[in-house]
Amino acid sequence: SRTLFISDPTANAVYAYVNEGLYWRSIPSLTGWVVGKTSGFGTDMDLDAVNGRLVVGTPGSNYVYVFKRNTDGSWAQDRAIDGGSLGGSFGKSVALDGTRLVVGAPTTTVKYYSVVQADGSYRLALGASGGAHLYSLSGGNWIYDRFLMPDDTGLPEVTSFNQAVTPAGEGVVAFRIFDDSTWHYVSLGTHSLDINTSQGNLSENTVAVLYGPR
């Protein structure tokens with residue numbers, strides 16, 4: 001591409017120039033076209049020169065705008081992606097690669113849950129950990145794909161494992177479960193499932209403890 005883009009989020013605009021060999025010729029600047037949804041336009045942008053698309057983040061309004069290059073080198077409005085329901089400064093960062101678009105939302109408040117957990121209403125609040133939203137291009141439209149969560153290096157890679165122990169008077173196998181930042185020892189007694197209280201009790205956000213015949 002012979003086009004140069006310079007963003008000015010304070011003016012909610014992206015200025016465009018085309019290289020003419022000895023000088024850069026100014027062409028019409030780019031702005032968001034949805035009324036009231038242009039705050040921070042140009043905070044981040046990414047260019048797919050091969051496919052002629054430019055994506056511009058507008059986190060102040062939780063919006064992303066996509067422009068497409070015309071045959072004469074000008075740029076036209078293509079799609080506007082409304083991230084208002086997602087929030088989290090949607091559009092603070094953007095990355096475009098062919099049919100894939102990733103939109104960063106660094107202040108997103110995340111709550112984690114499993115579709116098969118015992119308590120269907122429980123949500124584990126992870127705070128404003130942020131995240132990113134993935135879109136796929138299909139039929140000229142950007143279709144929402146999935147939410148990408150940051151990796152939490154503070155959690156153990158293994159959350160449960162078998163451990164050979166010998167409770168008083170019995171020879172059994174026990175395992176440990178990571179819950180509420182604590183490892184809990186669970187032993188299989190002769191007739192019951194016992195939680196070692198010296199390690200603390202499992203709390204209500206334990207998804208499930210299952211065991212079968214020994």
# chains A, B, ... in the order shown; residues from 1 in each chain; ligands from 1
$ residues_around --residues "Ile143 (chain A)" --least-positions-apart "5" --cutoff "12 Å" --atoms "only C-alpha atoms" --output "tab-separated table (two decimals) with all heavy atoms, in the first residue's frame"
chain	number	residue	atom	x	y	z
A	79	ARG	N	-18.08	-1.49	7.64
A	79	ARG	CA	-18.88	-2.06	8.73
A	79	ARG	C	-18.56	-1.32	10.04
A	79	ARG	O	-17.43	-0.89	10.26
A	79	ARG	CB	-18.59	-3.55	8.92
A	79	ARG	CG	-19.03	-4.43	7.75
A	79	ARG	CD	-20.53	-4.55	7.69
A	79	ARG	NE	-20.97	-5.49	6.67
A	79	ARG	CZ	-21.16	-5.20	5.39
A	79	ARG	NH1	-20.92	-3.96	4.97
A	79	ARG	NH2	-21.58	-6.11	4.55
A	80	ALA	N	-19.58	-1.23	10.90
A	80	ALA	CA	-19.40	-0.71	12.25
A	80	ALA	C	-19.78	-1.82	13.22
A	80	ALA	O	-20.85	-2.42	13.09
A	80	ALA	CB	-20.26	0.52	12.48
A	81	ILE	N	-18.90	-2.11	14.17
A	81	ILE	CA	-19.15	-3.18	15.13
A	81	ILE	C	-19.43	-2.55	16.48
A	81	ILE	O	-18.60	-1.84	17.06
A	81	ILE	CB	-17.94	-4.13	15.23
A	81	ILE	CG1	-17.63	-4.73	13.85
A	81	ILE	CG2	-18.20	-5.23	16.25
A	81	ILE	CD1	-16.38	-5.58	13.83
A	82	ASP	N	-20.62	-2.80	16.99
A	82	ASP	CA	-21.08	-2.22	18.25
A	82	ASP	C	-20.70	-3.14	19.41
A	82	ASP	O	-21.21	-4.25	19.53
A	82	ASP	CB	-22.60	-2.03	18.20
A	82	ASP	CG	-23.16	-1.37	19.45
A	82	ASP	OD1	-22.37	-1.06	20.37
A	82	ASP	OD2	-24.38	-1.15	19.49
A	99	THR	N	-9.52	-12.83	7.39
A	99	THR	CA	-10.89	-12.99	7.84
A	99	THR	C	-11.02	-13.04	9.36
A	99	THR	O	-12.07	-13.43	9.90
A	99	THR	CB	-11.51	-14.26	7.24
A	99	THR	OG1	-10.74	-15.41	7.67
A	99	THR	CG2	-11.52	-14.21	5.73
A	100	ARG	N	-9.96	-12.68	10.07
A	100	ARG	CA	-9.97	-12.70	11.53
A	100	ARG	C	-9.74	-11.30	12.07
A	100	ARG	O	-8.84	-10.59	11.62
A	100	ARG	CB	-8.90	-13.64	12.07
A	100	ARG	CG	-9.10	-15.10	11.69
A	100	ARG	CD	-10.23	-15.72	12.50
A	100	ARG	NE	-10.31	-17.16	12.28
A	100	ARG	CZ	-11.18	-17.97	12.88
A	100	ARG	NH1	-12.03	-17.47	13.75
A	100	ARG	NH2	-11.19	-19.25	12.62
A	101	LEU	N	-10.55	-10.92	13.05
A	101	LEU	CA	-10.42	-9.63	13.71
A	101	LEU	C	-10.47	-9.84	15.21
A	101	LEU	O	-11.38	-10.50	15.72
A	101	LEU	CB	-11.56	-8.70	13.28
A	101	LEU	CG	-11.73	-7.39	14.07
A	101	LEU	CD1	-10.50	-6.51	13.93
A	101	LEU	CD2	-12.99	-6.65	13.62
A	102	VAL	N	-9.48	-9.31	15.91
A	102	VAL	CA	-9.44	-9.40	17.37
A	102	VAL	C	-9.55	-7.99	17.94
A	102	VAL	O	-8.81	-7.09	17.52
A	102	VAL	CB	-8.15	-10.07	17.87
A	102	VAL	CG1	-8.14	-10.13	19.40
A	102	VAL	CG2	-8.02	-11.48	17.30
A	133	HIS	N	-12.03	-9.96	22.09
A	133	HIS	CA	-13.15	-10.57	21.37
A	133	HIS	C	-12.73	-10.90	19.94
A	133	HIS	O	-12.15	-10.07	19.25
A	133	HIS	CB	-14.33	-9.60	21.36
A	133	HIS	CG	-14.79	-9.20	22.73
A	133	HIS	ND1	-15.65	-9.96	23.49
A	133	HIS	CD2	-14.47	-8.11	23.48
A	133	HIS	CE1	-15.86	-9.36	24.64
A	133	HIS	NE2	-15.16	-8.24	24.67
A	134	LEU	N	-13.01	-12.13	19.54
A	134	LEU	CA	-12.63	-12.61	18.22
A	134	LEU	C	-13.83	-12.61	17.28
A	134	LEU	O	-14.91	-13.08	17.65
A	134	LEU	CB	-12.06	-14.03	18.33
A	134	LEU	CG	-11.71	-14.73	17.01
A	134	LEU	CD1	-10.59	-13.99	16.28
A	134	LEU	CD2	-11.30	-16.18	17.28
A	135	TYR	N	-13.62	-12.07	16.08
A	135	TYR	CA	-14.66	-12.04	15.05
A	135	TYR	C	-14.13	-12.73	13.79
A	135	TYR	O	-12.93	-12.69	13.50
A	135	TYR	CB	-15.05	-10.60	14.70
A	135	TYR	CG	-15.79	-9.87	15.79
A	135	TYR	CD1	-15.09	-9.30	16.85
A	135	TYR	CD2	-17.17	-9.76	15.77
A	135	TYR	CE1	-15.76	-8.63	17.87
A	135	TYR	CE2	-17.85	-9.09	16.78
A	135	TYR	CZ	-17.14	-8.52	17.83
A	135	TYR	OH	-17.81	-7.87	18.83
A	136	SER	N	-15.06	-13.32	13.04
A	136	SER	CA	-14.72	-13.96	11.77
A	136	SER	C	-15.54	-13.33	10.66
A	136	SER	O	-16.74	-13.06	10.83
A	136	SER	CB	-14.99	-15.46	11.83
A	136	SER	OG	-14.20	-16.09	12.81
A	137	LEU	N	-14.92	-13.09	9.51
A	137	LEU	CA	-15.60	-12.48	8.37
A	137	LEU	C	-16.33	-13.56	7.57
A	137	LEU	O	-15.74	-14.54	7.13
A	137	LEU	CB	-14.59	-11.76	7.48
A	137	LEU	CG	-15.15	-11.02	6.26
A	137	LEU	CD1	-16.06	-9.89	6.71
A	137	LEU	CD2	-14.01	-10.48	5.40
A	138	SER	N	-17.63	-13.34	7.39
A	138	SER	CA	-18.45	-14.30	6.64
A	138	SER	C	-19.53	-13.55	5.88
A	138	SER	O	-20.33	-12.82	6.49
A	138	SER	CB	-19.08	-15.33	7.59
A	138	SER	OG	-19.93	-16.22	6.90
$ closest_atom_pairs --of "region 67-132 of chain A" --to "region 51-62 of chain A" --cutoff "12 Å" --atoms "only C-alpha atoms" --output "JSON lines"
{"residue": "A:Phe67", "atom": "CA", "partner": "A:Leu54", "partner_atom": "CA", "distance": 5.1}
{"residue": "A:Lys68", "atom": "CA", "partner": "A:Arg53", "partner_atom": "CA", "distance": 4.6}
{"residue": "A:Arg69", "atom": "CA", "partner": "A:Gly52", "partner_atom": "CA", "distance": 5.0}
{"residue": "A:Asn70", "atom": "CA", "partner": "A:Gly52", "partner_atom": "CA", "distance": 8.1}
{"residue": "A:Thr71", "atom": "CA", "partner": "A:Gly52", "partner_atom": "CA", "distance": 9.6}
{"residue": "A:Asp72", "atom": "CA", "partner": "A:Gly52", "partner_atom": "CA", "distance": 11.8}
{"residue": "A:Gly73", "atom": "CA", "partner": "A:Gly52", "partner_atom": "CA", "distance": 9.5}
{"residue": "A:Ser74", "atom": "CA", "partner": "A:Gly52", "partner_atom": "CA", "distance": 10.4}
{"residue": "A:Trp75", "atom": "CA", "partner": "A:Arg53", "partner_atom": "CA", "distance": 8.7}
{"residue": "A:Ala76", "atom": "CA", "partner": "A:Arg53", "partner_atom": "CA", "distance": 9.6}
{"residue": "A:Gln77", "atom": "CA", "partner": "A:Leu54", "partner_atom": "CA", "distance": 9.8}
{"residue": "A:Asp78", "atom": "CA", "partner": "A:Arg53", "partner_atom": "CA", "distance": 8.8}
{"residue": "A:Arg79", "atom": "CA", "partner": "A:Val55", "partner_atom": "CA", "distance": 9.3}
{"residue": "A:Ala80", "atom": "CA", "partner": "A:Val55", "partner_atom": "CA", "distance": 9.5}
{"residue": "A:Ile81", "atom": "CA", "partner": "A:Asn62", "partner_atom": "CA", "distance": 8.8}
{"residue": "A:Asp82", "atom": "CA", "partner": "A:Asn62", "partner_atom": "CA", "distance": 6.7}
{"residue": "A:Gly83", "atom": "CA", "partner": "A:Asn62", "partner_atom": "CA", "distance": 5.0}
{"residue": "A:Gly84", "atom": "CA", "partner": "A:Asn62", "partner_atom": "CA", "distance": 5.2}
{"residue": "A:Ser85", "atom": "CA", "partner": "A:Asn62", "partner_atom": "CA", "distance": 8.5}
{"residue": "A:Leu86", "atom": "CA", "partner": "A:Asn62", "partner_atom": "CA", "distance": 7.9}
{"residue": "A:Gly87", "atom": "CA", "partner": "A:Asn62", "partner_atom": "CA", "distance": 5.9}
{"residue": "A:Gly88", "atom": "CA", "partner": "A:Asn62", "partner_atom": "CA", "distance": 7.6}
{"residue": "A:Ser89", "atom": "CA", "partner": "A:Pro59", "partner_atom": "CA", "distance": 4.6}
{"residue": "A:Phe90", "atom": "CA", "partner": "A:Asn62", "partner_atom": "CA", "distance": 4.4}
{"residue": "A:Gly91", "atom": "CA", "partner": "A:Gly57", "partner_atom": "CA", "distance": 4.1}
{"residue": "A:Lys92", "atom": "CA", "partner": "A:Pro59", "partner_atom": "CA", "distance": 5.0}
{"residue": "A:Ser93", "atom": "CA", "partner": "A:Gly57", "partner_atom": "CA", "distance": 6.4}
{"residue": "A:Val94", "atom": "CA", "partner": "A:Gly57", "partner_atom": "CA", "distance": 6.3}
{"residue": "A:Ala95", "atom": "CA", "partner": "A:Val55", "partner_atom": "CA", "distance": 7.9}
{"residue": "A:Leu96", "atom": "CA", "partner": "A:Val55", "partner_atom": "CA", "distance": 7.1}
{"residue": "A:Asp97", "atom": "CA", "partner": "A:Asn51", "partner_atom": "CA", "distance": 9.1}
{"residue": "A:Gly98", "atom": "CA", "partner": "A:Asn51", "partner_atom": "CA", "distance": 6.8}
{"residue": "A:Thr99", "atom": "CA", "partner": "A:Asn51", "partner_atom": "CA", "distance": 9.4}
{"residue": "A:Arg100", "atom": "CA", "partner": "A:Val55", "partner_atom": "CA", "distance": 11.4}
{"residue": "A:Leu101", "atom": "CA", "partner": "A:Val55", "partner_atom": "CA", "distance": 8.7}
{"residue": "A:Val102", "atom": "CA", "partner": "A:Val55", "partner_atom": "CA", "distance": 10.2}
{"residue": "A:Val103", "atom": "CA", "partner": "A:Gly57", "partner_atom": "CA", "distance": 8.0}
{"residue": "A:Gly104", "atom": "CA", "partner": "A:Gly57", "partner_atom": "CA", "distance": 9.0}
{"residue": "A:Ala105", "atom": "CA", "partner": "A:Pro59", "partner_atom": "CA", "distance": 8.1}
{"residue": "A:Pro106", "atom": "CA", "partner": "A:Pro59", "partner_atom": "CA", "distance": 9.9}
{"residue": "A:Thr107", "atom": "CA", "partner": "A:Pro59", "partner_atom": "CA", "distance": 10.5}
{"residue": "A:Thr108", "atom": "CA", "partner": "A:Asn62", "partner_atom": "CA", "distance": 11.2}
$ select_by_dssp --residues "region 32-96 of chain A" --states "strand (DSSP E)" --output "PDB file with N, CA and C atoms, in the first residue's frame"
ATOM      1  N   ASP A  44      -6.492   3.023  18.308  1.00  0.00           N
ATOM      2  CA  ASP A  44      -5.644   1.995  17.688  1.00  0.00           C
ATOM      3  C   ASP A  44      -6.242   1.652  16.329  1.00  0.00           C
ATOM      4  N   MET A  45      -5.401   1.189  15.430  1.00  0.00           N
ATOM      5  CA  MET A  45      -5.872   0.789  14.108  1.00  0.00           C
ATOM      6  C   MET A  45      -4.925  -0.248  13.533  1.00  0.00           C
ATOM      7  N   ASP A  46      -5.439  -1.000  12.567  1.00  0.00           N
ATOM      8  CA  ASP A  46      -4.617  -2.012  11.915  1.00  0.00           C
ATOM      9  C   ASP A  46      -5.032  -2.091  10.451  1.00  0.00           C
ATOM     10  N   LEU A  47      -4.043  -2.312   9.599  1.00  0.00           N
ATOM     11  CA  LEU A  47      -4.257  -2.326   8.151  1.00  0.00           C
ATOM     12  C   LEU A  47      -3.996  -3.708   7.579  1.00  0.00           C
ATOM     13  N   ASP A  48      -4.937  -4.191   6.802  1.00  0.00           N
ATOM     14  CA  ASP A  48      -4.753  -5.403   6.002  1.00  0.00           C
ATOM     15  C   ASP A  48      -4.573  -4.933   4.564  1.00  0.00           C
ATOM     16  N   ARG A  53      -8.361  -3.524   3.753  1.00  0.00           N
ATOM     17  CA  ARG A  53      -9.239  -3.171   4.860  1.00  0.00           C
ATOM     18  C   ARG A  53      -8.441  -2.464   5.962  1.00  0.00           C
ATOM     19  N   LEU A  54      -9.090  -1.497   6.579  1.00  0.00           N
ATOM     20  CA  LEU A  54      -8.522  -0.784   7.720  1.00  0.00           C
ATOM     21  C   LEU A  54      -9.532  -0.844   8.856  1.00  0.00           C
ATOM     22  N   VAL A  55      -9.086  -1.269  10.026  1.00  0.00           N
ATOM     23  CA  VAL A  55      -9.967  -1.324  11.190  1.00  0.00           C
ATOM     24  C   VAL A  55      -9.495  -0.274  12.193  1.00  0.00           C
ATOM     25  N   VAL A  56     -10.445   0.461  12.760  1.00  0.00           N
ATOM     26  CA  VAL A  56     -10.137   1.555  13.676  1.00  0.00           C
ATOM     27  C   VAL A  56     -10.895   1.357  14.985  1.00  0.00           C
ATOM     28  N   GLY A  57     -10.163   1.358  16.096  1.00  0.00           N
ATOM     29  CA  GLY A  57     -10.782   1.199  17.406  1.00  0.00           C
ATOM     30  C   GLY A  57     -11.295   2.524  17.947  1.00  0.00           C
ATOM     31  N   THR A  58     -12.444   2.449  18.637  1.00  0.00           N
ATOM     32  CA  THR A  58     -13.080   3.634  19.205  1.00  0.00           C
ATOM     33  C   THR A  58     -13.522   3.299  20.634  1.00  0.00           C
ATOM     34  N   TYR A  63     -16.762   0.938  20.268  1.00  0.00           N
ATOM     35  CA  TYR A  63     -17.080   0.693  18.862  1.00  0.00           C
ATOM     36  C   TYR A  63     -15.808   0.383  18.080  1.00  0.00           C
ATOM     37  N   VAL A  64     -15.988  -0.318  16.974  1.00  0.00           N
ATOM     38  CA  VAL A  64     -14.901  -0.547  16.018  1.00  0.00           C
ATOM     39  C   VAL A  64     -15.461  -0.284  14.619  1.00  0.00           C
ATOM     40  N   TYR A  65     -14.690   0.430  13.811  1.00  0.00           N
ATOM     41  CA  TYR A  65     -15.100   0.737  12.440  1.00  0.00           C
ATOM     42  C   TYR A  65     -14.160   0.055  11.453  1.00  0.00           C
ATOM     43  N   VAL A  66     -14.737  -0.472  10.381  1.00  0.00           N
ATOM     44  CA  VAL A  66     -13.958  -1.121   9.330  1.00  0.00           C
ATOM     45  C   VAL A  66     -14.167  -0.332   8.029  1.00  0.00           C
ATOM     46  N   PHE A  67     -13.061   0.011   7.386  1.00  0.00           N
ATOM     47  CA  PHE A  67     -13.096   0.717   6.100  1.00  0.00           C
ATOM     48  C   PHE A  67     -12.531  -0.192   5.022  1.00  0.00           C
ATOM     49  N   LYS A  68     -13.004   0.006   3.792  1.00  0.00           N
ATOM     50  CA  LYS A  68     -12.535  -0.819   2.671  1.00  0.00           C
ATOM     51  C   LYS A  68     -12.018   0.095   1.561  1.00  0.00           C
ATOM     52  N   ARG A  69     -10.905  -0.316   0.969  1.00  0.00           N
ATOM     53  CA  ARG A  69     -10.275   0.488  -0.077  1.00  0.00           C
ATOM     54  C   ARG A  69     -11.010   0.351  -1.405  1.00  0.00           C
ATOM     55  N   TRP A  75     -10.977   5.478   0.527  1.00  0.00           N
ATOM     56  CA  TRP A  75     -11.454   4.516   1.517  1.00  0.00           C
ATOM     57  C   TRP A  75     -12.917   4.778   1.842  1.00  0.00           C
ATOM     58  N   ALA A  76     -13.712   3.715   1.848  1.00  0.00           N
ATOM     59  CA  ALA A  76     -15.156   3.827   2.065  1.00  0.00           C
ATOM     60  C   ALA A  76     -15.569   3.151   3.367  1.00  0.00           C
ATOM     61  N   GLN A  77     -16.649   3.630   3.937  1.00  0.00           N
ATOM     62  CA  GLN A  77     -17.226   3.010   5.120  1.00  0.00           C
ATOM     63  C   GLN A  77     -17.677   1.593   4.771  1.00  0.00           C
ATOM     64  N   ASP A  78     -17.328   0.639   5.636  1.00  0.00           N
ATOM     65  CA  ASP A  78     -17.686  -0.751   5.354  1.00  0.00           C
ATOM     66  C   ASP A  78     -18.606  -1.320   6.427  1.00  0.00           C
ATOM     67  N   ARG A  79     -18.080  -1.490   7.642  1.00  0.00           N
ATOM     68  CA  ARG A  79     -18.881  -2.055   8.728  1.00  0.00           C
ATOM     69  C   ARG A  79     -18.560  -1.325  10.035  1.00  0.00           C
ATOM     70  N   ALA A  80     -19.575  -1.235  10.897  1.00  0.00           N
ATOM     71  CA  ALA A  80     -19.396  -0.711  12.252  1.00  0.00           C
ATOM     72  C   ALA A  80     -19.780  -1.816  13.220  1.00  0.00           C
ATOM     73  N   ILE A  81     -18.904  -2.109  14.165  1.00  0.00           N
ATOM     74  CA  ILE A  81     -19.148  -3.179  15.134  1.00  0.00           C
ATOM     75  C   ILE A  81     -19.434  -2.548  16.484  1.00  0.00           C
ATOM     76  N   ASP A  82     -20.624  -2.799  16.991  1.00  0.00           N
ATOM     77  CA  ASP A  82     -21.081  -2.222  18.253  1.00  0.00           C
ATOM     78  C   ASP A  82     -20.695  -3.140  19.412  1.00  0.00           C
ATOM     79  N   SER A  93      -7.584  -1.812  21.555  1.00  0.00           N
ATOM     80  CA  SER A  93      -6.582  -2.374  20.649  1.00  0.00           C
ATOM     81  C   SER A  93      -7.309  -3.221  19.617  1.00  0.00           C
ATOM     82  N   VAL A  94      -6.765  -3.267  18.413  1.00  0.00           N
ATOM     83  CA  VAL A  94      -7.376  -4.045  17.339  1.00  0.00           C
ATOM     84  C   VAL A  94      -6.280  -4.728  16.522  1.00  0.00           C
ATOM     85  N   ALA A  95      -6.597  -5.895  15.994  1.00  0.00           N
ATOM     86  CA  ALA A  95      -5.664  -6.624  15.132  1.00  0.00           C
ATOM     87  C   ALA A  95      -6.456  -7.315  14.037  1.00  0.00           C
ATOM     88  N   LEU A  96      -6.044  -7.112  12.789  1.00  0.00           N
ATOM     89  CA  LEU A  96      -6.762  -7.627  11.634  1.00  0.00           C
ATOM     90  C   LEU A  96      -5.832  -8.493  10.787  1.00  0.00           C
TER      91      LEU A  96
END
$ residues_around --residues "Tyr112 (chain A)" --least-positions-apart "6" --cutoff "9 Å" --atoms "only C-alpha atoms" --output "PyMOL selection string"
chain A and resi 122-126
$ atom_distance --atom1 "CA of Ser39 (chain A)" --atom2 "CA of Phe5 (chain A)"
18.3 Å
$ atom_distance --atom1 "CA of Glu20 (chain A)" --atom2 "CA of Leu4 (chain A)"
11.4 Å
$ closest_residue --among "A:Thr109, A:Asn12, A:Met149, A:Val116" --to "Gly36 (chain A)" --atoms "only C-alpha atoms"
A:Asn12
$ residues_around --residues "Thr3 (chain A)" --least-positions-apart "5" --cutoff "9 Å" --atoms "only C-alpha atoms" --output "list in words"
Ala16, Tyr17, Val18, Asn19, Trp24 and Gly73 of chain A
$ residues_around --residues "Tyr15 (chain A)" --least-positions-apart "5" --cutoff "9 Å" --atoms "only C-alpha atoms" --output "list in words"
Leu4, Phe5, Ile6, Ser7, Asp8, Ser26, Ile27, Pro28, Ser29, Leu30 and Thr31 of chain A
